[in-house]
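Asker: Just one file: model_3.cif, with mmCIF, C-alpha atoms.
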data_run
#
loop_
_atom_site.label_atom_id
_atom_site.label_comp_id
_atom_site.auth_asym_id
_atom_site.auth_seq_id
_atom_site.Cartn_x
_atom_site.Cartn_y
_atom_site.Cartn_z
CA MET F 927 16.64 -13.62 22.96
CA PRO F 928 16.88 -11.25 19.99
CA SER F 929 17.93 -7.69 20.73
CA GLN F 930 15.52 -4.75 21.00
CA GLU F 931 17.36 -2.89 18.25
CA LYS F 932 15.81 0.05 16.46
CA ILE F 933 14.95 -0.28 12.80
CA VAL F 934 15.57 2.68 10.52
CA LEU F 935 13.58 3.24 7.33
CA LYS F 936 13.80 5.89 4.63
CA PRO F 937 10.82 6.89 2.48
CA ILE F 938 11.01 5.73 -1.14
CA GLY F 939 8.70 8.59 -2.16
CA PHE F 940 5.64 10.57 -1.18
CA VAL F 941 1.92 10.73 -1.84
CA ARG F 942 0.75 13.62 -4.02
CA THR F 943 -2.98 14.23 -3.94
CA GLU F 944 -5.60 16.94 -4.09
CA ASN F 945 -7.94 14.82 -1.96
CA VAL F 946 -8.59 16.34 1.47
CA GLY F 947 -10.56 15.28 4.55
CA ASP F 948 -12.94 12.38 3.98
CA GLU F 949 -12.21 12.42 0.24
CA VAL F 950 -9.15 10.26 0.90
CA LYS F 951 -11.46 7.41 1.93
CA ASP F 952 -13.31 7.53 -1.40
CA LYS F 953 -12.11 4.42 -3.25
CA SER F 954 -12.94 5.93 -6.66
CA ARG F 955 -10.49 8.84 -6.29
CA ALA F 956 -7.03 8.90 -7.80
CA SER F 957 -3.79 10.07 -6.24
CA GLN F 958 -0.12 9.78 -7.12
CA ILE F 959 2.96 8.22 -5.62
CA VAL F 960 6.06 10.24 -6.53
CA PHE F 961 9.18 8.10 -6.10
CA HIS F 962 12.61 9.55 -5.48
CA SER F 963 14.06 9.94 -8.97
CA GLU F 964 17.00 7.59 -8.27
CA LEU F 965 14.45 4.80 -7.70
CA ALA F 966 12.64 5.20 -11.05
CA GLU F 967 14.56 2.20 -12.43
CA ALA F 968 13.19 0.03 -9.61
CA LEU F 969 9.67 0.44 -11.05
CA GLY F 970 10.43 -1.39 -14.32
CA GLY F 971 7.74 -4.00 -14.96
CA ILE F 972 5.23 -2.61 -12.45
CA GLU F 973 2.90 -1.62 -15.32
CA ASP F 974 1.97 -5.28 -15.86
CA PHE F 975 0.20 -5.52 -12.52
CA SER F 976 -3.34 -4.25 -12.01
CA HIS F 977 -3.18 -3.90 -8.21
CA LEU F 978 -0.57 -3.01 -5.59
CA PHE F 979 -0.21 -2.85 -1.86
CA VAL F 980 1.09 0.49 -0.67
CA LEU F 981 2.87 0.64 2.70
CA PHE F 982 3.06 4.18 4.01
CA TRP F 983 4.10 5.96 7.16
CA LEU F 984 1.37 7.65 9.22
CA HIS F 985 3.66 10.56 10.04
CA GLU F 986 1.03 12.53 11.93
CA ILE F 987 0.87 9.94 14.74
CA SER F 988 2.84 11.16 17.77
CA GLU F 989 5.20 9.14 19.99
CA GLU F 990 2.56 9.36 22.72
CA GLN F 991 -0.17 8.01 20.40
CA ARG F 992 2.09 5.08 19.52
CA LYS F 993 1.74 3.88 23.11
CA THR F 994 -2.04 3.31 22.74
CA LEU F 995 -3.04 -0.28 23.61
CA LYS F 996 -6.84 -0.21 23.31
CA VAL F 997 -9.40 1.69 21.22
CA HIS F 998 -13.08 1.73 20.43
CA PRO F 999 -13.19 1.14 16.64
CA ARG F 1000 -13.54 4.55 14.92
CA GLY F 1001 -13.94 6.13 18.36
CA ARG F 1002 -17.44 4.65 18.76
CA GLU F 1003 -18.21 3.93 22.36
CA ASP F 1004 -21.16 1.71 21.38
CA LEU F 1005 -18.61 -0.77 20.01
CA PRO F 1006 -16.35 -2.92 22.21
CA LEU F 1007 -13.03 -1.66 23.58
CA LEU F 1008 -10.44 -3.68 21.65
CA GLY F 1009 -6.72 -4.18 21.44
CA ILE F 1010 -5.22 -1.99 18.70
CA PHE F 1011 -3.92 -5.07 16.86
CA ALA F 1012 -7.50 -6.33 16.48
CA THR F 1013 -8.38 -3.13 14.56
CA ARG F 1014 -7.00 -1.10 11.68
CA THR F 1015 -6.64 2.05 13.82
CA LYS F 1016 -3.84 4.49 12.96
CA LEU F 1017 -2.84 4.50 16.64
CA ARG F 1018 -0.35 1.64 16.37
CA SER F 1019 3.04 0.88 17.89
CA ASN F 1020 4.52 1.19 14.40
CA PRO F 1021 2.05 3.36 12.48
CA ILE F 1022 2.39 1.78 9.03
CA GLY F 1023 -0.60 2.09 6.71
CA LEU F 1024 -1.37 -0.79 4.33
CA THR F 1025 -3.79 -0.22 1.45
CA LEU F 1026 -4.63 -2.18 -1.66
CA VAL F 1027 -4.86 0.16 -4.67
CA GLU F 1028 -5.55 -0.11 -8.37
CA LEU F 1029 -2.66 0.91 -10.62
CA VAL F 1030 -3.92 3.39 -13.22
CA LYS F 1031 -0.80 4.76 -14.92
CA VAL F 1032 3.00 4.74 -14.78
CA GLU F 1033 4.96 7.79 -15.96
CA GLY F 1034 8.67 7.72 -15.10
CA ASN F 1035 8.92 7.92 -11.32
CA VAL F 1036 5.23 8.69 -10.81
CA LEU F 1037 2.48 6.11 -10.30
CA THR F 1038 -1.16 7.12 -10.52
CA VAL F 1039 -3.30 4.88 -8.32
CA ARG F 1040 -6.93 4.66 -7.29
CA GLY F 1041 -8.12 4.06 -3.72
CA LEU F 1042 -5.14 5.20 -1.65
CA ASP F 1043 -6.43 6.58 1.67
CA ALA F 1044 -3.39 8.74 2.43
CA PHE F 1045 -3.00 12.49 2.66
CA ASP F 1046 -0.78 14.71 0.54
CA GLY F 1047 2.87 14.46 1.59
CA THR F 1048 2.57 11.06 3.31
CA PRO F 1049 5.91 9.19 3.16
CA VAL F 1050 5.72 5.91 1.22
CA LEU F 1051 7.78 2.96 2.56
CA ASP F 1052 7.22 0.19 0.02
CA ILE F 1053 4.93 -1.04 -2.73
CA LYS F 1054 4.27 -4.70 -3.47
CA PRO F 1055 2.53 -6.22 -6.48
CA PHE F 1056 -0.73 -7.90 -5.47
CA ASN F 1057 -1.53 -11.49 -6.39
CA SER F 1058 -3.48 -14.52 -5.30
CA TRP F 1059 -1.18 -15.20 -2.30
CA ASP F 1060 -2.76 -12.15 -0.73
CA MET F 1061 -6.29 -13.49 -0.77
CA ALA F 1062 -7.94 -15.86 1.68
CA LYS F 1063 -10.97 -18.10 1.55
CA ASP F 1064 -13.45 -18.61 4.39
CA VAL F 1065 -12.60 -15.30 6.04
CA ARG F 1066 -14.15 -14.71 9.46
CA VAL F 1067 -14.46 -11.24 11.02
CA PRO F 1068 -16.12 -10.17 14.31
CA ARG F 1069 -19.71 -8.94 14.57
CA TRP F 1070 -18.66 -5.32 15.30
CA TRP F 1071 -16.67 -5.25 12.08
CA THR F 1072 -19.61 -6.46 9.98
CA LYS F 1073 -21.84 -3.89 11.69
CA LEU F 1074 -19.50 -1.05 10.68
CA GLU F 1075 -19.21 -2.34 7.12
CA ASN F 1076 -22.99 -2.60 6.79
CA GLU F 1077 -23.43 0.98 8.04
CA LYS F 1078 -20.87 2.20 5.52
CA ALA F 1079 -22.62 0.40 2.65
CA HIS F 1080 -25.87 2.00 3.76
CA LEU F 1081 -24.32 5.50 3.52
CA ARG F 1082 -23.20 5.06 -0.10
CA MET V 1116 8.76 19.30 -0.42
CA PRO V 1117 8.57 16.92 2.54
CA SER V 1118 11.80 16.25 4.41
CA GLN V 1119 13.93 13.13 3.95
CA GLU V 1120 13.65 12.29 7.64
CA LYS V 1121 14.46 8.88 9.00
CA ILE V 1122 11.69 6.74 10.42
CA VAL V 1123 12.40 4.67 13.51
CA LEU V 1124 10.50 1.49 14.30
CA LYS V 1125 10.64 -0.90 17.22
CA PRO V 1126 9.66 -4.57 16.95
CA ILE V 1127 6.40 -5.50 18.69
CA GLY V 1128 7.60 -9.09 19.02
CA PHE V 1129 9.43 -11.90 17.28
CA VAL V 1130 8.76 -15.02 15.25
CA ARG V 1131 9.31 -18.32 17.05
CA THR V 1132 9.46 -21.33 14.77
CA GLU V 1133 11.10 -24.69 14.32
CA ASN V 1134 10.76 -24.39 10.55
CA VAL V 1135 14.10 -24.07 8.79
CA GLY V 1136 15.21 -23.61 5.17
CA ASP V 1137 12.47 -24.15 2.59
CA GLU V 1138 10.08 -25.33 5.30
CA VAL V 1139 9.21 -21.67 6.01
CA LYS V 1140 7.57 -21.46 2.56
CA ASP V 1141 5.26 -24.39 3.34
CA LYS V 1142 1.85 -22.78 3.85
CA SER V 1143 0.60 -25.70 5.96
CA ARG V 1144 3.22 -25.19 8.70
CA ALA V 1145 2.57 -23.35 11.94
CA SER V 1146 4.77 -20.86 13.73
CA GLN V 1147 4.32 -18.41 16.56
CA ILE V 1148 4.47 -14.68 17.06
CA VAL V 1149 5.63 -13.84 20.56
CA PHE V 1150 4.63 -10.27 21.46
CA HIS V 1151 6.45 -8.20 24.04
CA SER V 1152 4.54 -8.89 27.26
CA GLU V 1153 3.56 -5.22 27.76
CA LEU V 1154 1.64 -5.45 24.44
CA ALA V 1155 -0.48 -8.49 25.39
CA GLU V 1156 -3.42 -6.18 26.13
CA ALA V 1157 -3.26 -4.82 22.57
CA LEU V 1158 -4.26 -8.27 21.26
CA GLY V 1159 -7.72 -8.26 22.87
CA GLY V 1160 -10.32 -9.20 20.26
CA ILE V 1161 -7.85 -10.63 17.72
CA GLU V 1162 -9.28 -14.13 18.31
CA ASP V 1163 -12.43 -13.21 16.35
CA PHE V 1164 -10.52 -12.89 13.07
CA SER V 1165 -9.58 -15.91 10.98
CA HIS V 1166 -6.75 -14.24 9.01
CA LEU V 1167 -4.10 -11.59 9.61
CA PHE V 1168 -1.46 -9.73 7.72
CA VAL V 1169 1.92 -9.92 9.40
CA LEU V 1170 4.46 -7.17 8.67
CA PHE V 1171 7.96 -8.21 9.62
CA TRP V 1172 11.50 -6.93 9.28
CA LEU V 1173 13.84 -8.87 6.99
CA HIS V 1174 16.76 -8.29 9.35
CA GLU V 1175 19.22 -10.38 7.36
CA ILE V 1176 19.19 -7.93 4.44
CA SER V 1177 22.29 -5.70 4.52
CA GLU V 1178 22.52 -1.95 3.89
CA GLU V 1179 24.27 -2.78 0.61
CA GLN V 1180 21.47 -5.16 -0.47
CA ARG V 1181 18.91 -2.42 0.25
CA LYS V 1182 20.41 -0.44 -2.65
CA THR V 1183 19.39 -3.10 -5.22
CA LEU V 1184 17.24 -1.64 -8.03
CA LYS V 1185 16.72 -4.60 -10.37
CA VAL V 1186 16.48 -8.38 -10.00
CA HIS V 1187 15.64 -11.48 -11.98
CA PRO V 1188 12.66 -12.97 -10.09
CA ARG V 1189 13.98 -15.73 -7.78
CA GLY V 1190 17.41 -15.26 -9.38
CA ARG V 1191 16.22 -16.93 -12.60
CA GLU V 1192 18.06 -15.48 -15.59
CA ASP V 1193 15.48 -16.98 -17.97
CA LEU V 1194 12.99 -14.48 -16.56
CA PRO V 1195 13.09 -10.73 -17.32
CA LEU V 1196 15.25 -8.30 -15.33
CA LEU V 1197 12.74 -6.25 -13.37
CA GLY V 1198 12.57 -3.35 -10.98
CA ILE V 1199 12.49 -4.59 -7.37
CA PHE V 1200 9.12 -2.90 -6.79
CA ALA V 1201 7.59 -5.08 -9.53
CA THR V 1202 8.58 -8.19 -7.55
CA ARG V 1203 8.27 -9.53 -4.01
CA THR V 1204 12.06 -9.88 -3.62
CA LYS V 1205 13.54 -9.43 -0.14
CA LEU V 1206 16.11 -7.05 -1.62
CA ARG V 1207 14.06 -3.89 -1.07
CA SER V 1208 14.83 -0.32 -0.05
CA ASN V 1209 12.87 -0.97 3.15
CA PRO V 1210 12.95 -4.76 3.59
CA ILE V 1211 9.51 -5.25 5.13
CA GLY V 1212 7.89 -8.65 4.63
CA LEU V 1213 4.11 -8.84 4.22
CA THR V 1214 2.38 -12.21 4.56
CA LEU V 1215 -1.24 -13.24 4.95
CA VAL V 1216 -1.56 -15.94 7.62
CA GLU V 1217 -4.29 -17.98 9.22
CA LEU V 1218 -4.78 -17.39 12.94
CA VAL V 1219 -4.82 -20.74 14.73
CA LYS V 1220 -4.66 -19.91 18.45
CA VAL V 1221 -4.23 -17.04 20.91
CA GLU V 1222 -2.58 -17.67 24.31
CA GLY V 1223 -1.72 -14.51 26.25
CA ASN V 1224 0.99 -12.72 24.27
CA VAL V 1225 1.55 -15.59 21.85
CA LEU V 1226 -0.27 -16.08 18.54
CA THR V 1227 -0.01 -19.39 16.69
CA VAL V 1228 -0.39 -18.84 12.94
CA ARG V 1229 -0.20 -20.93 9.80
CA GLY V 1230 1.64 -19.88 6.62
CA LEU V 1231 4.15 -17.34 7.92
CA ASP V 1232 7.26 -17.46 5.72
CA ALA V 1233 9.66 -15.98 8.27
CA PHE V 1234 12.61 -17.49 10.10
CA ASP V 1235 13.02 -17.93 13.84
CA GLY V 1236 13.89 -14.64 15.55
CA THR V 1237 12.50 -12.37 12.80
CA PRO V 1238 11.34 -9.04 14.30
CA VAL V 1239 7.61 -8.40 13.82
CA LEU V 1240 6.55 -4.79 13.11
CA ASP V 1241 2.76 -4.96 12.97
CA ILE V 1242 -0.21 -7.27 12.49
CA LYS V 1243 -3.46 -6.24 10.85
CA PRO V 1244 -6.77 -8.10 10.76
CA PHE V 1245 -7.63 -9.19 7.23
CA ASN V 1246 -10.96 -8.38 5.62
CA SER V 1247 -12.66 -7.80 2.31
CA TRP V 1248 -10.92 -4.40 1.76
CA ASP V 1249 -7.78 -6.42 1.16
CA MET V 1250 -9.14 -8.36 -1.79
CA ALA V 1251 -9.39 -7.26 -5.40
CA LYS V 1252 -11.41 -8.41 -8.38
CA ASP V 1253 -10.12 -8.69 -11.95
CA VAL V 1254 -6.50 -9.01 -10.85
CA ARG V 1255 -3.93 -8.90 -13.66
CA VAL V 1256 -0.35 -10.17 -13.21
CA PRO V 1257 2.49 -10.45 -15.78
CA ARG V 1258 3.22 -13.59 -17.79
CA TRP V 1259 6.49 -14.32 -15.89
CA TRP V 1260 4.55 -14.36 -12.62
CA THR V 1261 1.98 -16.87 -13.91
CA LYS V 1262 4.80 -19.03 -15.25
CA LEU V 1263 6.44 -19.19 -11.79
CA GLU V 1264 3.12 -19.92 -10.08
CA ASN V 1265 2.35 -22.73 -12.53
CA GLU V 1266 5.76 -24.28 -11.96
CA LYS V 1267 5.22 -24.15 -8.19
CA ALA V 1268 1.80 -25.81 -8.49
CA HIS V 1269 3.40 -28.53 -10.57
CA LEU V 1270 5.94 -29.26 -7.79
CA ARG V 1271 3.29 -29.78 -5.12
#
Turn the structure described in the file into structure tokens.
Answerer:
Amino acid sequence: MPSQEKIVLKPIGFVRTENVGDEVKDKSRASQIVFHSELAEALGGIEDFSHLFVLFWLHEISEEQRKTLKVHPRGREDLPLLGIFATRTKLRSNPIGLTLVELVKVEGNVLTVRGLDAFDGTPVLDIKPFNSWDMAKDVRVPRWWTKLENEKAHLR
Amino acid sequence: MPSQEKIVLKPIGFVRTENVGDEVKDKSRASQIVFHSELAEALGGIEDFSHLFVLFWLHEISEEQRKTLKVHPRGREDLPLLGIFATRTKLRSNPIGLTLVELVKVEGNVLTVRGLDAFDGTPVLDIKPFNSWDMAKDVRVPRWWTKLENEKAHLR
């Protein structure tokens, strides 16, 4: 049986944004990822991709919140009580955010991206160029998920 | 300026697979994710999704390898030397693997999935249900990437 060892990560940079509150969920808004300057070289070639995954650390989630096992999606008690791994809640055992963004501009150690739902100062763990491996056909999601998506579309 | 604090993660489970060597890259092969038993409850509702992202820890990458800044994709010197963040190399500052898989079966704390390119015993950090947020239109990738993909298709 593998050991229960701890895994230690170090941020590769931070989110810099003027977006606050619900603005961070607005997919049309830009923000920046500022990499540690010694990692600038590791960005060479990124400009040829249109889209990236950003993995970031939800640093505002407490140790206690990490123990959550079940949630109502977006806190809505009219929706089923579900295991956290069946949702995209921030209350996760390892609170890592994963968001697909559009790459707008590269300037030295700073990437400008569109659609990153992270607050100013959020530690960034990794970025990965997006490609067809990351897409699926015949995707099935539960009814509660579709209901939430339809409501959101209606609000736009 | 945000602090350079360390981030500590704990695996939520491990990969169990009979696939070895290049077999792990075969998208048609199944493997399992065995969650720690106290997290079984956190899987409730996962069965209604067809696809998941699996985030896992590339535990065979050394501290020294994590300092890599540039690589030739798949070690091929005929391809450009690129920053690691412009590739999906395992040699990353924070060696987190991200793979889209098909969910085949849920039995208690064990998920059977198809297409997970991870070796037996790999620590799993998170799973996230896949949906339309995770897909992009008008995706652009570099020429070297398309070349590799075309070669792979030719081998099938």
Asker: Under the rule of at most 7 Å, produce a per-residue listing of chain V near chain F: chain, number, name, the closest pair of atoms, and the distance in Å, as a Markdown table, using all atoms listed in the file.
Answerer:
| residue | atom | partner | partner_atom | distance |
| --- | --- | --- | --- | --- |
| V:Pro1117 | CA | F:Gly1047 | CA | 6.3 |
| V:Lys1121 | CA | F:Lys936 | CA | 5.3 |
| V:Ile1122 | CA | F:Leu935 | CA | 5.0 |
| V:Val1123 | CA | F:Val934 | CA | 4.8 |
| V:Leu1124 | CA | F:Ile933 | CA | 5.0 |
| V:Lys1125 | CA | F:Lys932 | CA | 5.3 |
| V:Glu1156 | CA | F:Gly1009 | CA | 6.1 |
| V:Ala1157 | CA | F:Gly1009 | CA | 3.7 |
| V:Leu1158 | CA | F:Gly1009 | CA | 4.8 |
| V:Gly1159 | CA | F:Gly1009 | CA | 4.4 |
| V:Gly1160 | CA | F:Ala1012 | CA | 5.5 |
| V:Ile1161 | CA | F:Ala1012 | CA | 4.5 |
| V:Asp1163 | CA | F:Pro1068 | CA | 5.2 |
| V:Phe1164 | CA | F:Val1067 | CA | 4.7 |
| V:Ser1165 | CA | F:Arg1066 | CA | 5.0 |
| V:His1166 | CA | F:Val1065 | CA | 6.6 |
| V:Leu1184 | CA | F:Ala968 | CA | 4.7 |
| V:Lys1185 | CA | F:Ala968 | CA | 5.9 |
| V:Leu1197 | CA | F:Gly970 | CA | 5.5 |
| V:Gly1198 | CA | F:Ala968 | CA | 3.7 |
| V:Ile1199 | CA | F:Ala968 | CA | 5.2 |
| V:Phe1200 | CA | F:Leu969 | CA | 5.4 |
| V:Ala1201 | CA | F:Ile972 | CA | 4.5 |
| V:Thr1202 | CA | F:Pro1055 | CA | 6.5 |
| V:Arg1203 | CA | F:Lys1054 | CA | 6.3 |
| V:Asn1209 | CA | F:Leu935 | CA | 6.0 |
| V:Leu1215 | CA | F:Asp1060 | CA | 6.0 |
| V:Gly1236 | CA | F:Pro928 | CA | 6.3 |
| V:Leu1240 | CA | F:Asn1020 | CA | 6.4 |
| V:Asp1241 | CA | F:Asn1020 | CA | 6.6 |
| V:Ile1242 | CA | F:Phe1011 | CA | 6.1 |
| V:Lys1243 | CA | F:Phe1011 | CA | 6.1 |
| V:Pro1244 | CA | F:Ala1012 | CA | 6.0 |
| V:Asp1249 | CA | F:Leu1026 | CA | 6.0 |
| V:Met1250 | CA | F:Met1061 | CA | 6.0 |
| V:Val1254 | CA | F:Ser976 | CA | 5.8 |
| V:Arg1255 | CA | F:Ser976 | CA | 5.0 |
| V:Val1256 | CA | F:Phe975 | CA | 4.7 |
| V:Pro1257 | CA | F:Asp974 | CA | 5.2 |
Asker: Can you pull out every residue within 9 Å of Ile987 in chain F, counting all atoms listed in the file, but drop anything in the same chain fewer than 3 positions away, and send it as a list of chain:residue names?
Answerer: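 Residues meeting the cut-off are F:Leu984, F:Glu990, F:Gln991, F:Arg992, F:Lys1016, F:Leu1017, F:Arg1018, F:Pro1021.
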Asker: Which residues match the PyMOL selection byres ((chain F and resi 1033-1045) around 8) in the file above, as a ChimeraX atom specification?
Answerer: /F:941-943,945-946,950-963,965-966,969,980,1025-1032,1046-1048
Asker: Go ahead and save the picked residues with C-alpha atoms, as an mmCIF file, in the coordinates of the input.
Answerer:
data_model
loop_
_atom_site.group_PDB
_atom_site.id
_atom_site.type_symbol
_atom_site.label_atom_id
_atom_site.label_comp_id
_atom_site.auth_asym_id
_atom_site.auth_seq_id
_atom_site.Cartn_x
_atom_site.Cartn_y
_atom_site.Cartn_z
ATOM 1 C CA VAL F 941 1.920 10.730 -1.840
ATOM 2 C CA ARG F 942 0.750 13.620 -4.020
ATOM 3 C CA THR F 943 -2.980 14.230 -3.940
ATOM 4 C CA ASN F 945 -7.940 14.820 -1.960
ATOM 5 C CA VAL F 946 -8.590 16.340 1.470
ATOM 6 C CA VAL F 950 -9.150 10.260 0.900
ATOM 7 C CA LYS F 951 -11.460 7.410 1.930
ATOM 8 C CA ASP F 952 -13.310 7.530 -1.400
ATOM 9 C CA LYS F 953 -12.110 4.420 -3.250
ATOM 10 C CA SER F 954 -12.940 5.930 -6.660
ATOM 11 C CA ARG F 955 -10.490 8.840 -6.290
ATOM 12 C CA ALA F 956 -7.030 8.900 -7.800
ATOM 13 C CA SER F 957 -3.790 10.070 -6.240
ATOM 14 C CA GLN F 958 -0.120 9.780 -7.120
ATOM 15 C CA ILE F 959 2.960 8.220 -5.620
ATOM 16 C CA VAL F 960 6.060 10.240 -6.530
ATOM 17 C CA PHE F 961 9.180 8.100 -6.100
ATOM 18 C CA HIS F 962 12.610 9.550 -5.480
ATOM 19 C CA SER F 963 14.060 9.940 -8.970
ATOM 20 C CA LEU F 965 14.450 4.800 -7.700
ATOM 21 C CA ALA F 966 12.640 5.200 -11.050
ATOM 22 C CA LEU F 969 9.670 0.440 -11.050
ATOM 23 C CA VAL F 980 1.090 0.490 -0.670
ATOM 24 C CA THR F 1025 -3.790 -0.220 1.450
ATOM 25 C CA LEU F 1026 -4.630 -2.180 -1.660
ATOM 26 C CA VAL F 1027 -4.860 0.160 -4.670
ATOM 27 C CA GLU F 1028 -5.550 -0.110 -8.370
ATOM 28 C CA LEU F 1029 -2.660 0.910 -10.620
ATOM 29 C CA VAL F 1030 -3.920 3.390 -13.220
ATOM 30 C CA LYS F 1031 -0.800 4.760 -14.920
ATOM 31 C CA VAL F 1032 3.000 4.740 -14.780
ATOM 32 C CA ASP F 1046 -0.780 14.710 0.540
ATOM 33 C CA GLY F 1047 2.870 14.460 1.590
ATOM 34 C CA THR F 1048 2.570 11.060 3.310
#
Asker: Report, in Å with one decimal, the straight-line distance from CA of Lys1262 in chain V to CA of Gly1190 in chain V.
Answerer: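 So the answer is 14.4 Å.
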Asker: Give me, please, the distance in Å between CA of Arg1000 in chain F and CA of Asp948 in chain F, quoted to one decimal.
Answerer: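 CA of Asp948 in chain F lies 13.5 Å from CA of Arg1000 in chain F.
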Asker: For a test of reading the model, state the distance in Å between CA of Asp1004 in chain F and CA of Ala1079 in chain F, rounded to one decimal.
Answerer: 18.8 Å
Asker: Tell me which of F:Leu1005, F:Val1050, F:Glu944, F:Glu949 sits closest to Phe982 in chain F, counting only C-alpha atoms.
Answerer: F:Val1050
Asker: Around range 1250-1265 of chain V, with edges along x, y and z and 4 Å added on all six sides, what centre and edge lengths do you get, in Å to one decimal, as AutoDock Vina command-line options?
Answerer:
--center_x -2.5 --center_y -15.0 --center_z -9.8 --size_x 25.9 --size_y 23.5 --size_z 24.0
Asker: Where atoms are missing, can you supply N, CA and C atoms for range 983-1004 of chain F and output the lot as a PDB file, in the frame of the given file?
Answerer:
ATOM      1  N   TRP F 983       3.806   5.606   5.783  1.00  0.00           N
ATOM      2  CA  TRP F 983       4.100   5.960   7.160  1.00  0.00           C
ATOM      3  C   TRP F 983       3.129   7.030   7.634  1.00  0.00           C
ATOM      4  N   LEU F 984       2.384   6.727   8.692  1.00  0.00           N
ATOM      5  CA  LEU F 984       1.370   7.650   9.220  1.00  0.00           C
ATOM      6  C   LEU F 984       2.093   8.684  10.087  1.00  0.00           C
ATOM      7  N   HIS F 985       2.688   9.660   9.394  1.00  0.00           N
ATOM      8  CA  HIS F 985       3.660  10.560  10.040  1.00  0.00           C
ATOM      9  C   HIS F 985       3.011  11.549  11.007  1.00  0.00           C
ATOM     10  N   GLU F 986       1.672  11.594  11.003  1.00  0.00           N
ATOM     11  CA  GLU F 986       1.030  12.530  11.930  1.00  0.00           C
ATOM     12  C   GLU F 986       0.769  11.916  13.312  1.00  0.00           C
ATOM     13  N   ILE F 987       1.061  10.623  13.445  1.00  0.00           N
ATOM     14  CA  ILE F 987       0.870   9.940  14.740  1.00  0.00           C
ATOM     15  C   ILE F 987       2.071  10.265  15.647  1.00  0.00           C
ATOM     16  N   SER F 988       1.770  10.739  16.847  1.00  0.00           N
ATOM     17  CA  SER F 988       2.840  11.160  17.770  1.00  0.00           C
ATOM     18  C   SER F 988       3.422   9.967  18.533  1.00  0.00           C
ATOM     19  N   GLU F 989       4.578  10.173  19.142  1.00  0.00           N
ATOM     20  CA  GLU F 989       5.200   9.140  19.990  1.00  0.00           C
ATOM     21  C   GLU F 989       4.239   8.696  21.097  1.00  0.00           C
ATOM     22  N   GLU F 990       3.508   9.662  21.641  1.00  0.00           N
ATOM     23  CA  GLU F 990       2.560   9.360  22.720  1.00  0.00           C
ATOM     24  C   GLU F 990       1.427   8.467  22.192  1.00  0.00           C
ATOM     25  N   GLN F 991       0.918   8.803  20.996  1.00  0.00           N
ATOM     26  CA  GLN F 991      -0.170   8.010  20.400  1.00  0.00           C
ATOM     27  C   GLN F 991       0.276   6.584  20.086  1.00  0.00           C
ATOM     28  N   ARG F 992       1.563   6.412  19.827  1.00  0.00           N
ATOM     29  CA  ARG F 992       2.090   5.080  19.520  1.00  0.00           C
ATOM     30  C   ARG F 992       2.033   4.148  20.726  1.00  0.00           C
ATOM     31  N   LYS F 993       1.813   4.705  21.900  1.00  0.00           N
ATOM     32  CA  LYS F 993       1.740   3.880  23.110  1.00  0.00           C
ATOM     33  C   LYS F 993       0.330   3.355  23.386  1.00  0.00           C
ATOM     34  N   THR F 994      -0.648   3.754  22.570  1.00  0.00           N
ATOM     35  CA  THR F 994      -2.040   3.310  22.740  1.00  0.00           C
ATOM     36  C   THR F 994      -2.112   1.773  22.690  1.00  0.00           C
ATOM     37  N   LEU F 995      -2.876   1.184  23.612  1.00  0.00           N
ATOM     38  CA  LEU F 995      -3.040  -0.280  23.610  1.00  0.00           C
ATOM     39  C   LEU F 995      -4.460  -0.706  23.229  1.00  0.00           C
ATOM     40  N   LYS F 996      -5.452   0.154  23.578  1.00  0.00           N
ATOM     41  CA  LYS F 996      -6.840  -0.210  23.310  1.00  0.00           C
ATOM     42  C   LYS F 996      -7.599   0.965  22.700  1.00  0.00           C
ATOM     43  N   VAL F 997      -8.549   0.644  21.830  1.00  0.00           N
ATOM     44  CA  VAL F 997      -9.400   1.690  21.220  1.00  0.00           C
ATOM     45  C   VAL F 997     -10.820   1.136  21.033  1.00  0.00           C
ATOM     46  N   HIS F 998     -11.767   2.065  20.976  1.00  0.00           N
ATOM     47  CA  HIS F 998     -13.080   1.730  20.430  1.00  0.00           C
ATOM     48  C   HIS F 998     -12.965   1.947  18.915  1.00  0.00           C
ATOM     49  N   PRO F 999     -13.324   0.948  18.086  1.00  0.00           N
ATOM     50  CA  PRO F 999     -13.190   1.140  16.640  1.00  0.00           C
ATOM     51  C   PRO F 999     -13.851   2.445  16.177  1.00  0.00           C
ATOM     52  N   ARG F1000     -13.105   3.223  15.393  1.00  0.00           N
ATOM     53  CA  ARG F1000     -13.540   4.550  14.920  1.00  0.00           C
ATOM     54  C   ARG F1000     -14.084   5.445  16.028  1.00  0.00           C
ATOM     55  N   GLY F1001     -13.568   5.258  17.239  1.00  0.00           N
ATOM     56  CA  GLY F1001     -13.940   6.130  18.360  1.00  0.00           C
ATOM     57  C   GLY F1001     -15.368   5.916  18.858  1.00  0.00           C
ATOM     58  N   ARG F1002     -16.035   4.855  18.413  1.00  0.00           N
ATOM     59  CA  ARG F1002     -17.440   4.650  18.760  1.00  0.00           C
ATOM     60  C   ARG F1002     -17.598   3.869  20.047  1.00  0.00           C
ATOM     61  N   GLU F1003     -18.114   4.560  21.053  1.00  0.00           N
ATOM     62  CA  GLU F1003     -18.210   3.930  22.360  1.00  0.00           C
ATOM     63  C   GLU F1003     -19.308   2.875  22.445  1.00  0.00           C
ATOM     64  N   ASP F1004     -20.155   2.790  21.414  1.00  0.00           N
ATOM     65  CA  ASP F1004     -21.160   1.710  21.380  1.00  0.00           C
ATOM     66  C   ASP F1004     -20.542   0.394  20.898  1.00  0.00           C
TER      67      ASP F1004
END
